[in-house]
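Student: Got a structure for you, written out below as structure tokens; questions coming shortly.
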Amino acid sequence: MNRSPLNWPVIRLLVAKDWQLFQQQLAACVFGGIVALCLIGMATGWSFYLGSLLLIVMLVCTSCFSISNSLLVERKEHTLAFVMSLPVTPLDYYLSKLIGNLVTFLVPFLAMLAGTVLVILYTPLPDGLVVLSLLIFGHVLLAYAVSLSVAMAVESEGWNIFAMIASMLLINPLIMLLGQIPAINDHVKADTIYFAPVAVAILLAQATLSVVVLAATGWVHCRKKSFY
Amino acid sequence: MLDERSRLCVHAVFTVAGCGGRRHGSCLRRNADGCLFLHSGRGLYSTKGAVHTVYMKYAQIDPELFLSTSDSTPMYQQIVNQITTKVMAGDWPAGQPLPSIRELASASRVSVITVKRAYAELGQAGVIVTRHGMGSFVADSPNLSDSLLQAEFTQHFDAMLACARRLGLSVDDIRQLLDDEQAHGAAEPTRGSTP
Amino acid sequence: MSTAFALSGVTKRYENFALRDIDLSMPEGQVMGLVGVNGAGKTTLLRILGGLALADTGTVEVLGHDMPAQQVAAKSDLGFATEDMRLFKTRTLRWHMDFVRSIYPGWDEVYAADLLRRFDLRAEQRLAGFSHGQRVKALLMLNFARRPKLLLLDEPTTGLDPVARDEVLEALADVLRDEARSVLFSSHNTKDIEQMADTITFVHNGTLLASRDKESFLDDWRRVICHGSWVPDKAAWPEIAAVRQNGSIVELKVRQFSAGLLERMQTQGAEIRSADPMNLEDIFVTTVRAGGAA
């Protein structure tokens, strides 16, 4: 169907456009993330819990803002028709959204992930927390991929909000579930980092699922019949 | 032998020299071998040899016509009427290149096809001539304004006859009306009015 | 002569509406006006040509490119503005101008500045503060300033005040100067179409009622007023689209006018009082009411 070569210059411009439109909220999220990391780093009981909560809130905010700004708002405000009237194919558009979102999401996401790992390693916090943190971040990534896919494939705003909230809220049962797995739970408070096979398996599953969901969305998107 | 364009340009010079207006058409004559003589007018006279030295362009004319969408006259007819008026008034002298169809359409904000139609009608009426690949020009006819007036008269005359038929007036009745008109002068208004 | 676009056998179904078997093409350098009531299918037609909607069946060619396979090439030379299209609220018009300029090499900054002045727009203002008319003009300006080969405009003058409408028509008339550029536009305002279009296309209920050059189209229609008791039977007079009678006055709307027709009417005892040209609006309404081809 779309045999024309990818229009990279325009894709790059569209990514830059999404980045510009997102800048302010992005800065706010990163700032919130830094505050959260400071709280975690204080390594007292209350500040650790407050910091963790704030960090997760910031991660969720980043993902929701990123998706809603680039996809939901574009559709709702009818700027989508303007973008699709530019010399792009649906595949170009999909790629620009994918790359744009990954940039706007992954930049703060990775910054916060790196910050978390550093905080854990360089403060009195037990280093074993790194594995649990990675698993939680992995879940946020997967939840983000699912929300992004739904946002691209489904036009209904209600379903989009549902997908975002539901996938992110699943973080609670996940943490509880991880607490039930001795191979993971037993090492959380240890001072050494131990990647149990089950932890590695979950991480791999999260990463693979994220990629599969996004790829499937691309396939669906290119078979859509209207773009406005 | 001169090509078409330089012939037209000679016209331009003539206009510049002050022989514009309605007599303009009679200022130029072609001799047997196709060369030009400019005569009459205000003493400007040129022959074969001198023609090339007076090569000049026509002044740029404003292509905008004043057309109205609320006028019940069809758009093409408004164009025909206005160009005819301009030609009769001498605004656009004989030989004057007309704006291109697209130029006039754009300036007057009317569709290209309407201007095309107007130019075709003007061509048929002999007001303008269209030369392939060169555009359209105001026709060279020596008595252009007379023939236009003649056409206008014929149109009114035909309309009058049609109206008279509807009223059931005979030729004699009309003749009588004309005689009355002549007797009373122009002051007396005619009784009949078109419905 | 190359075509600006060609649709052949195009069908597009929605839940409550279908565009059916559209065969339509337009030579380069022309202006075509789409006339139709709300929901007739004008916007869908424009979206299909603009690559924003895919036809279910049929072939679509725009500026010599197959749609949707070669839509990037087609869209590069296409200007597209629909009534519901919006720009980015949080950005200024200047930002949009730079954005469009970076995508289209044909962007003409001098012309853009000229249009800004003529449309009375402020480049440094954010779109959020624009009125409806300013938004429409901004969108048109972004399209006009890159001089696309084919402009697809959905209701470009709807909702504009008279002055803004006049400015837009003036800018649209700029396009006429270039014989390689074409325009397809829809409007509720048949006056705009009557003024600017070379070809008129009537769309109704997802089908084309007529598509013809404007001059011969307008020429064929006449409103004839006659006196007398003769009222034509429409089956026997296919040239007549509508008949109204009040006492001895009969009003006829004729879709295929000729001097011969008047003579035939006279032989039936009709006394012709007038035979005047009709405006496009009248022709359109008569066509739709008569329920047939124009």
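Simple scheme: letters A, B, ... for chains in structure tokens order, numbers from 1 for residues in each chain, numbers from 1 for ligands in the order shown.
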Would you give me, as a ChimeraX atom specification, the residues of chain C that come within 9 Å of chain A, using only C-alpha atoms?
Tutor: /C:47-48,50-56,68-82,84-91,99-100,102-104
Student: Would you write out, as JSON lines, a table of all residues in chain B that have an atom no more than 6 Å from an atom of chain C, listing for each the closest atom pair and the distance in Å to one decimal, considering only C-alpha atoms and ordering rows by chain and rising residue number?
Tutor:
```
{"residue": "B:Arg102", "atom": "CA", "partner": "C:Arg177", "partner_atom": "CA", "distance": 5.0}
{"residue": "B:Glu103", "atom": "CA", "partner": "C:Arg177", "partner_atom": "CA", "distance": 5.6}
{"residue": "B:Ser106", "atom": "CA", "partner": "C:Ala173", "partner_atom": "CA", "distance": 4.7}
{"residue": "B:Arg109", "atom": "CA", "partner": "C:Ala173", "partner_atom": "CA", "distance": 5.3}
{"residue": "B:Val110", "atom": "CA", "partner": "C:Met196", "partner_atom": "CA", "distance": 5.1}
{"residue": "B:Ser111", "atom": "CA", "partner": "C:Met196", "partner_atom": "CA", "distance": 4.4}
{"residue": "B:Ile113", "atom": "CA", "partner": "C:Asp198", "partner_atom": "CA", "distance": 5.3}
```
Student: Any chance you can output those residues with C-alpha atoms as a PDB file, in the first residue's frame?
Tutor:
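And here is the file that came out, result-v8.pdb:
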```pdb
ATOM      1  CA  ARG B 102      -5.799  35.180 -17.009  1.00  0.00           C
ATOM      2  CA  GLU B 103      -4.527  38.632 -16.116  1.00  0.00           C
ATOM      3  CA  SER B 106      -7.300  37.638 -11.818  1.00  0.00           C
ATOM      4  CA  ARG B 109     -11.795  38.425  -9.804  1.00  0.00           C
ATOM      5  CA  VAL B 110     -13.841  36.517 -12.295  1.00  0.00           C
ATOM      6  CA  SER B 111     -13.335  33.052 -13.712  1.00  0.00           C
ATOM      7  CA  ILE B 113     -13.829  30.829 -18.706  1.00  0.00           C
TER       8      ILE B 113
END
```
Student: Leaving out Thr116 (chain A) and any residue of its chain fewer than 5 positions from it, which residues lie within 9 Å of it when counting only C-alpha atoms, given as a list in words?
Tutor: Leu37, Ile40, Gly41, Ala111, Leu121, Val130 and Ser133 of chain A
Student: Can I get the selection written as a compact mmCIF listing (two decimals), in the first residue's frame, with N, CA and C atoms?
Tutor:
```txt
# COMPACT_ATOMS: atom_id res chain seq x y z
N LEU A 37 13.53 12.00 43.73
CA LEU A 37 14.80 11.29 43.95
C LEU A 37 15.52 11.82 45.18
N ILE A 40 13.88 10.26 48.09
CA ILE A 40 14.29 8.85 48.23
C ILE A 40 15.70 8.78 48.79
N GLY A 41 16.53 9.67 48.30
CA GLY A 41 17.94 9.64 48.67
C GLY A 41 18.17 9.95 50.16
N ALA A 111 16.07 9.35 32.31
CA ALA A 111 16.73 10.23 33.28
C ALA A 111 16.33 9.81 34.70
N LEU A 121 22.34 3.27 44.60
CA LEU A 121 23.72 2.78 44.74
C LEU A 121 24.56 3.68 45.64
N VAL A 130 17.55 -2.12 43.42
CA VAL A 130 17.70 -1.83 41.98
C VAL A 130 16.85 -2.76 41.14
N SER A 133 13.22 -1.83 41.41
CA SER A 133 13.02 -0.58 40.68
C SER A 133 12.95 -0.81 39.18
```
Student: Got a sec to tell me which of region 1-213 of chain A DSSP assigns to alpha helix (DSSP H), as a ChimeraX atom specification?
Tutor: /A:8-41,45-67,73-76,79-84,90-122,129-153,157-169,171-180,182-188,197-213
Student: How many Å lie between CA of Leu252 (chain C) and CA of Asp282 (chain C), rounded to one decimal?
Tutor: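 Interatomic distance, CA of Leu252 (chain C) to CA of Asp282 (chain C): 12.3 Å.
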Student: Please report the interatomic distance between CA of Arg117 (chain C) and CA of Leu93 (chain C) in Å with one decimal.
Tutor: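 According to the coordinates, CA of Arg117 (chain C) and CA of Leu93 (chain C) are separated by 13.2 Å.
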Student: CA of Val154 (chain A) and CA of Val15 (chain A) are how many Å apart?
Tutor: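 Those two atoms sit 21.2 Å apart.
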Student: Name the residues in contact with Leu125 (chain A) at a cut-off of 10 Å, using only C-alpha atoms, excluding same-chain residues fewer than 6 positions from it; report them as an MDAnalysis selection string.
Tutor: chainID A and resid 40:44 48 119 189:191
Student: Write a file of the selected residues as a PDB file, in the first residue's frame, keeping N, CA and C atoms.
Tutor:
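Full text of selection-v5.pdb as output:
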```
ATOM      1  N   ILE A  40      13.876  10.256  48.091  1.00  0.00           N
ATOM      2  CA  ILE A  40      14.290   8.850  48.226  1.00  0.00           C
ATOM      3  C   ILE A  40      15.695   8.778  48.790  1.00  0.00           C
ATOM      4  N   GLY A  41      16.534   9.665  48.299  1.00  0.00           N
ATOM      5  CA  GLY A  41      17.942   9.641  48.674  1.00  0.00           C
ATOM      6  C   GLY A  41      18.166   9.948  50.155  1.00  0.00           C
ATOM      7  N   MET A  42      17.204  10.683  50.787  1.00  0.00           N
ATOM      8  CA  MET A  42      17.354  10.979  52.203  1.00  0.00           C
ATOM      9  C   MET A  42      17.312   9.703  53.044  1.00  0.00           C
ATOM     10  N   ALA A  43      16.779   8.632  52.465  1.00  0.00           N
ATOM     11  CA  ALA A  43      16.846   7.292  53.038  1.00  0.00           C
ATOM     12  C   ALA A  43      16.236   7.165  54.413  1.00  0.00           C
ATOM     13  N   THR A  44      15.353   8.088  54.804  1.00  0.00           N
ATOM     14  CA  THR A  44      14.585   7.859  56.020  1.00  0.00           C
ATOM     15  C   THR A  44      13.275   7.207  55.603  1.00  0.00           C
ATOM     16  N   PHE A  48      11.444   8.069  52.051  1.00  0.00           N
ATOM     17  CA  PHE A  48      11.570   7.043  51.023  1.00  0.00           C
ATOM     18  C   PHE A  48      10.207   6.733  50.410  1.00  0.00           C
ATOM     19  N   VAL A 119      20.811   6.889  42.910  1.00  0.00           N
ATOM     20  CA  VAL A 119      20.426   7.185  44.291  1.00  0.00           C
ATOM     21  C   VAL A 119      20.536   5.923  45.152  1.00  0.00           C
ATOM     22  N   LYS A 189      16.220  -6.258  50.289  1.00  0.00           N
ATOM     23  CA  LYS A 189      16.899  -5.544  51.364  1.00  0.00           C
ATOM     24  C   LYS A 189      18.377  -5.921  51.492  1.00  0.00           C
ATOM     25  N   ALA A 190      18.850  -6.737  50.554  1.00  0.00           N
ATOM     26  CA  ALA A 190      20.266  -7.132  50.586  1.00  0.00           C
ATOM     27  C   ALA A 190      21.122  -6.019  50.010  1.00  0.00           C
ATOM     28  N   ASP A 191      22.423  -6.086  50.333  1.00  0.00           N
ATOM     29  CA  ASP A 191      23.316  -5.047  49.829  1.00  0.00           C
ATOM     30  C   ASP A 191      23.972  -5.393  48.505  1.00  0.00           C
TER      31      ASP A 191
END
```
Student: I'd like the neighbourhood of Ala166 (chain A) as JSON, numbers by chain, where a residue qualifies if any of its atoms comes within 12 Å (using only C-alpha atoms), though same-chain residues fewer than 4 positions away should be ignored.
Tutor: {"A": [60, 64, 140, 143, 144, 146, 147, 158, 159, 160, 161, 162, 170, 171, 172, 173]}
Student: How about saving the chosen residues, C-alpha atoms kept, as a short mmCIF file (atom, residue, chain, number, x, y, z; two decimals), in the first residue's frame?
Tutor:
```cif
data_model
loop_
_atom_site.label_atom_id
_atom_site.label_comp_id
_atom_site.auth_asym_id
_atom_site.auth_seq_id
_atom_site.Cartn_x
_atom_site.Cartn_y
_atom_site.Cartn_z
CA VAL A 60 2.67 8.32 35.07
CA CYS A 64 0.03 10.58 30.04
CA VAL A 140 5.66 1.74 33.37
CA ALA A 143 1.89 0.44 30.33
CA TYR A 144 3.08 3.37 28.26
CA VAL A 146 -0.10 -0.12 25.60
CA SER A 147 -1.58 3.35 26.17
CA GLY A 158 -12.93 7.47 26.82
CA TRP A 159 -11.14 4.26 25.91
CA ASN A 160 -7.87 6.12 25.75
CA ILE A 161 -8.21 7.49 29.25
CA PHE A 162 -9.33 4.06 30.45
CA LEU A 170 -1.81 -2.19 37.53
CA ILE A 171 1.46 -1.10 39.06
CA ASN A 172 -0.04 -1.79 42.51
CA PRO A 173 -0.92 -5.46 41.99
#
```
Student: What's the 7 Å shell around Trp230 (chain C), counting only C-alpha atoms, without same-chain residues fewer than 4 positions away, as number ranges by chain?
Tutor: C: 268-270
Student: Keeping only C-alpha atoms, write those residues as a short mmCIF file (atom, residue, chain, number, x, y, z; two decimals), in the first residue's frame.
Tutor:
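Output saved as result01.cif:
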```
data_model
loop_
_atom_site.label_atom_id
_atom_site.label_comp_id
_atom_site.auth_asym_id
_atom_site.auth_seq_id
_atom_site.Cartn_x
_atom_site.Cartn_y
_atom_site.Cartn_z
CA GLN C 268 -49.07 25.95 -27.61
CA GLY C 269 -50.64 29.31 -26.91
CA ALA C 270 -48.17 30.59 -24.33
#
```
